[in-house]
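Novice: The structure follows.
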Amino acid sequence: MNWITNYVRPRINSIFSRRDTPENLWSKCDDCGTMLFHRELANNLNVCTACGHHMGITPRDRFTALFDGGIFTEVAVPKPIDDPLKFRDQKKYPDRMKAAQKATGEKEAMLVVQGEIGRTPIVAAAQDFSFMGGSMGMYVGNAIIAAAETAVKLKRPLVLFSAAGGARMQEGILSLMQMPRTTVAVQMLKEAGLPYIVVLTHPTTGGVTASYAMLGDIQIAEPNALICFAGPRVIQQTIGEKLPEGFQRAEYLLDHGMLDRVTPRTEMRGELIKITRMLMGLEPPVAGDLPAPQPAGKEASEAPEQKANAPK
């Protein structure tokens with residue numbers, strides 16, 4: 001009886017009351033290997049709390065942290081022709097698109113939105129590297145043009161977050177044509193006198209680097225982001241020489257005059273607020289998002305009226 005009471009019954013209870021533990025509660029840092037609790041990592045914008053390594057982040061999560069109250073409105077992007085070249089490698093192009101859409105929950109590799117940061121209206125666009133490597137196809141070209149046209153129409157600065165492996169090979173020459181198209185879109189902003197700020201994230205490579213990603217009025221990068229046209233391994237094999245340590249990383253490019261700033265993701269919102277307000281000729285941001293103080297003369301003129309209306 002003791003065997004049944006002490007062993008069999010607890011064993012049966014443990015089997016029927018067992019609950020599955022979610023597998024995504026912990027994430028491992030790609031750089032230092034530290035195990036990070038998912039809420040702690042999300043609160044730190046996917047930046048390792050142990051070593052500061054910047055992991056990938058989706059455009060929606062980035063915009064939620066960037067915009068005031070996490071509120072933003074999506075900008076409509078014209079949809080291009082599906083599979084214009086009828087391309088097929090190991091899979092058909094439409095099948096790859098469906099798999100990427102299912103995995104990311106997004107329609108394509110770029111999201112365009114509008115909203116306010118620090119009460120400063122902006123238009124923003126961000127690439128999603130998890131969607132087919134953030135590759136630049138016709139949709140991405142349409143997205144940048146839509147972002148530029150919206151910024152010009154609303155007279156707002158455009159902030160673009162780049163993250164891409166280059167042009168999308170499944171669209172061939174049509175993807176390469178997005179390089180001049182996006183360059184023309186950036187020129188629209190310059191002619192309208194509106195700021196164009198680029199934040200280069202890991203990795204930004206290929207035709208994206210050779211076009212809109214390096215045309216900003218202000219070039220900012222996240223720490224240790226790979227920024228290049230051809231990768232360091234290709235260059236090293238071509239020239240047959242060992243490359244300098246940190247070659248083509250954000251800090252290396254900053255030292256050689258290719259970037260204006262290298263800013264951690266957790267400080268990016270404050271940095272962008274300061275820069276956009278300065279370039280738009282607005283007053284400096286007020287700490288704590290408090291109402292701007294009134295001029296001394298106005299306060300003096302309103303003082304008698306306030307005293308008259310004060311309760312006796």
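Chain labels A, B, ... are given in the sequence in which chains occur in the structure tokens; within each chain residues are numbered consecutively from 1, and ligands are likewise numbered from 1 in the order shown.
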Kindly provide the residues of range 162-186 of chain A that approach range 54-71 of chain A to within 12 Å, each paired with its closest atom pair and their distance in Å to one decimal, based on only C-alpha atoms, listed by chain and increasing number, as a tab-separated table.
Specialist:
```
residue	atom	partner	partner_atom	distance
A:Ser162	CA	A:Pro59	CA	10.2
A:Ala163	CA	A:Gly56	CA	9.4
A:Ala164	CA	A:Gly56	CA	11.7
```
Novice: Could you please write out, as a VMD selection string, every residue of range 71-276 of chain A that DSSP assigns to alpha helix (DSSP H)?
Specialist: chain A and resid 93 to 104 138 to 154 172 to 176 178 to 191 206 to 209 232 to 239 250 to 255 268 to 276
Novice: Quote the spacing between CA of Gln90 in chain A and CA of Gly172 in chain A in Å to one decimal place.
Specialist: 16.2 Å
Novice: Please report the interatomic distance between CA of Ile235 in chain A and CA of Leu215 in chain A in Å with one decimal.
Specialist: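 Separation between CA of Ile235 in chain A and CA of Leu215 in chain A: 23.2 Å.
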Novice: Mind dumping a table of every range 154-256 of chain A residue within 12 Å of range 43-52 of chain A, with the nearest atom pair and its distance in Å to one decimal, using only C-alpha atoms, sorted by chain and rising number, as CSV?
Specialist:
```
residue,atom,partner,partner_atom,distance
A:Glu222,CA,A:Val47,CA,10.7
A:Pro223,CA,A:Gly52,CA,8.7
A:Asn224,CA,A:Gly52,CA,10.1
```
Novice: Go through range 147-240 of chain A residue by residue and, counting only C-alpha atoms, keep those with an atom at most 8 Å from range 253-261 of chain A; for each kept residue give the shortest atom pair and its distance in Å to one decimal, ordered by chain and increasing number, as a Markdown table.
Specialist:
```
| residue | atom | partner | partner_atom | distance |
| --- | --- | --- | --- | --- |
| A:Ile218 | CA | A:Asp260 | CA | 6.4 |
| A:Gln219 | CA | A:Leu259 | CA | 5.2 |
| A:Ile220 | CA | A:Arg261 | CA | 4.8 |
| A:Ala221 | CA | A:Arg261 | CA | 6.4 |
```
Novice: Would you mind listing what lies within 8 Å of Cys29 in chain A as a list in words, with only C-alpha atoms counted and same-chain residues fewer than 3 positions away left out?
Specialist: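 The residues satisfying every condition are Cys32, Gly33, Thr34, Met35, Leu36, Cys48, His53 and Met55 of chain A.
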Novice: Could you turn the residues from that selection into a file that holds all heavy atoms, as a CSV table (one decimal), in the first residue's frame?
Specialist:
```csv
chain,number,residue,atom,x,y,z
A,32,CYS,N,28.6,36.7,-26.9
A,32,CYS,CA,29.2,36.2,-25.7
A,32,CYS,C,28.6,34.9,-25.1
A,32,CYS,O,29.2,34.3,-24.2
A,32,CYS,CB,29.1,37.3,-24.6
A,32,CYS,SG,27.5,37.6,-24.0
A,33,GLY,N,27.5,34.5,-25.7
A,33,GLY,CA,26.9,33.2,-25.3
A,33,GLY,C,26.1,33.3,-24.0
A,33,GLY,O,25.6,32.3,-23.5
A,34,THR,N,25.8,34.5,-23.5
A,34,THR,CA,25.0,34.6,-22.3
A,34,THR,C,23.6,34.3,-22.6
A,34,THR,O,23.0,34.7,-23.6
A,34,THR,CB,25.1,36.1,-21.7
A,34,THR,OG1,26.5,36.4,-21.4
A,34,THR,CG2,24.3,36.2,-20.5
A,35,MET,N,22.9,33.5,-21.7
A,35,MET,CA,21.5,33.3,-21.8
A,35,MET,C,20.7,34.4,-21.2
A,35,MET,O,20.9,34.8,-20.1
A,35,MET,CB,21.2,32.0,-21.0
A,35,MET,CG,21.8,30.7,-21.6
A,35,MET,SD,21.4,30.4,-23.3
A,35,MET,CE,19.7,30.1,-23.2
A,36,LEU,N,19.8,35.0,-22.0
A,36,LEU,CA,19.1,36.2,-21.7
A,36,LEU,C,17.6,35.9,-21.6
A,36,LEU,O,17.0,35.3,-22.5
A,36,LEU,CB,19.3,37.3,-22.7
A,36,LEU,CG,20.8,37.6,-22.9
A,36,LEU,CD1,21.0,38.5,-24.2
A,36,LEU,CD2,21.4,38.4,-21.7
A,48,CYS,N,22.2,42.8,-26.0
A,48,CYS,CA,22.7,41.9,-24.9
A,48,CYS,C,23.0,42.8,-23.7
A,48,CYS,O,23.8,43.8,-23.8
A,48,CYS,CB,23.9,41.1,-25.3
A,48,CYS,SG,24.6,40.1,-24.0
A,53,HIS,N,26.1,43.4,-27.3
A,53,HIS,CA,25.9,43.0,-28.7
A,53,HIS,C,24.5,43.3,-29.2
A,53,HIS,O,23.5,43.0,-28.5
A,53,HIS,CB,26.2,41.5,-28.8
A,53,HIS,CG,26.0,40.9,-30.2
A,53,HIS,ND1,26.7,41.3,-31.3
A,53,HIS,CD2,25.1,40.0,-30.6
A,53,HIS,CE1,26.3,40.6,-32.3
A,53,HIS,NE2,25.3,39.9,-32.0
A,55,MET,N,21.6,42.5,-31.4
A,55,MET,CA,20.9,41.4,-32.2
A,55,MET,C,19.9,42.0,-33.1
A,55,MET,O,19.6,43.2,-33.1
A,55,MET,CB,20.3,40.4,-31.2
A,55,MET,CG,21.2,39.8,-30.2
A,55,MET,SD,20.4,38.6,-29.2
A,55,MET,CE,21.5,38.6,-27.8
```
Novice: In Å, how far is it from CA of Asp83 in chain A to CA of Met138 in chain A?
Specialist: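 Going from CA of Asp83 in chain A over to CA of Met138 in chain A covers 10.4 Å.
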Novice: From a DSSP pass on the backbone, collect the residues of range 81-111 of chain A flagged as strand (DSSP E or B) and hand them back as a ChimeraX atom specification.
Specialist: /A:88,92,110-111
Novice: Write out as JSON, numbers by chain each polymer residue whose atoms come within 8 Å of range 75-80 of chain A, counting only C-alpha atoms; drop sequence neighbours fewer than 4 positions from it.
Specialist: {"A": [112, 113, 114, 138, 139, 142, 143, 146, 147, 150]}
Novice: With only C-alpha atoms as the basis for distance, which of A:Phe131, A:Thr205, A:Thr104, A:Gln170 is at the shortest distance from Asp89 in chain A?
Specialist: A:Gln170
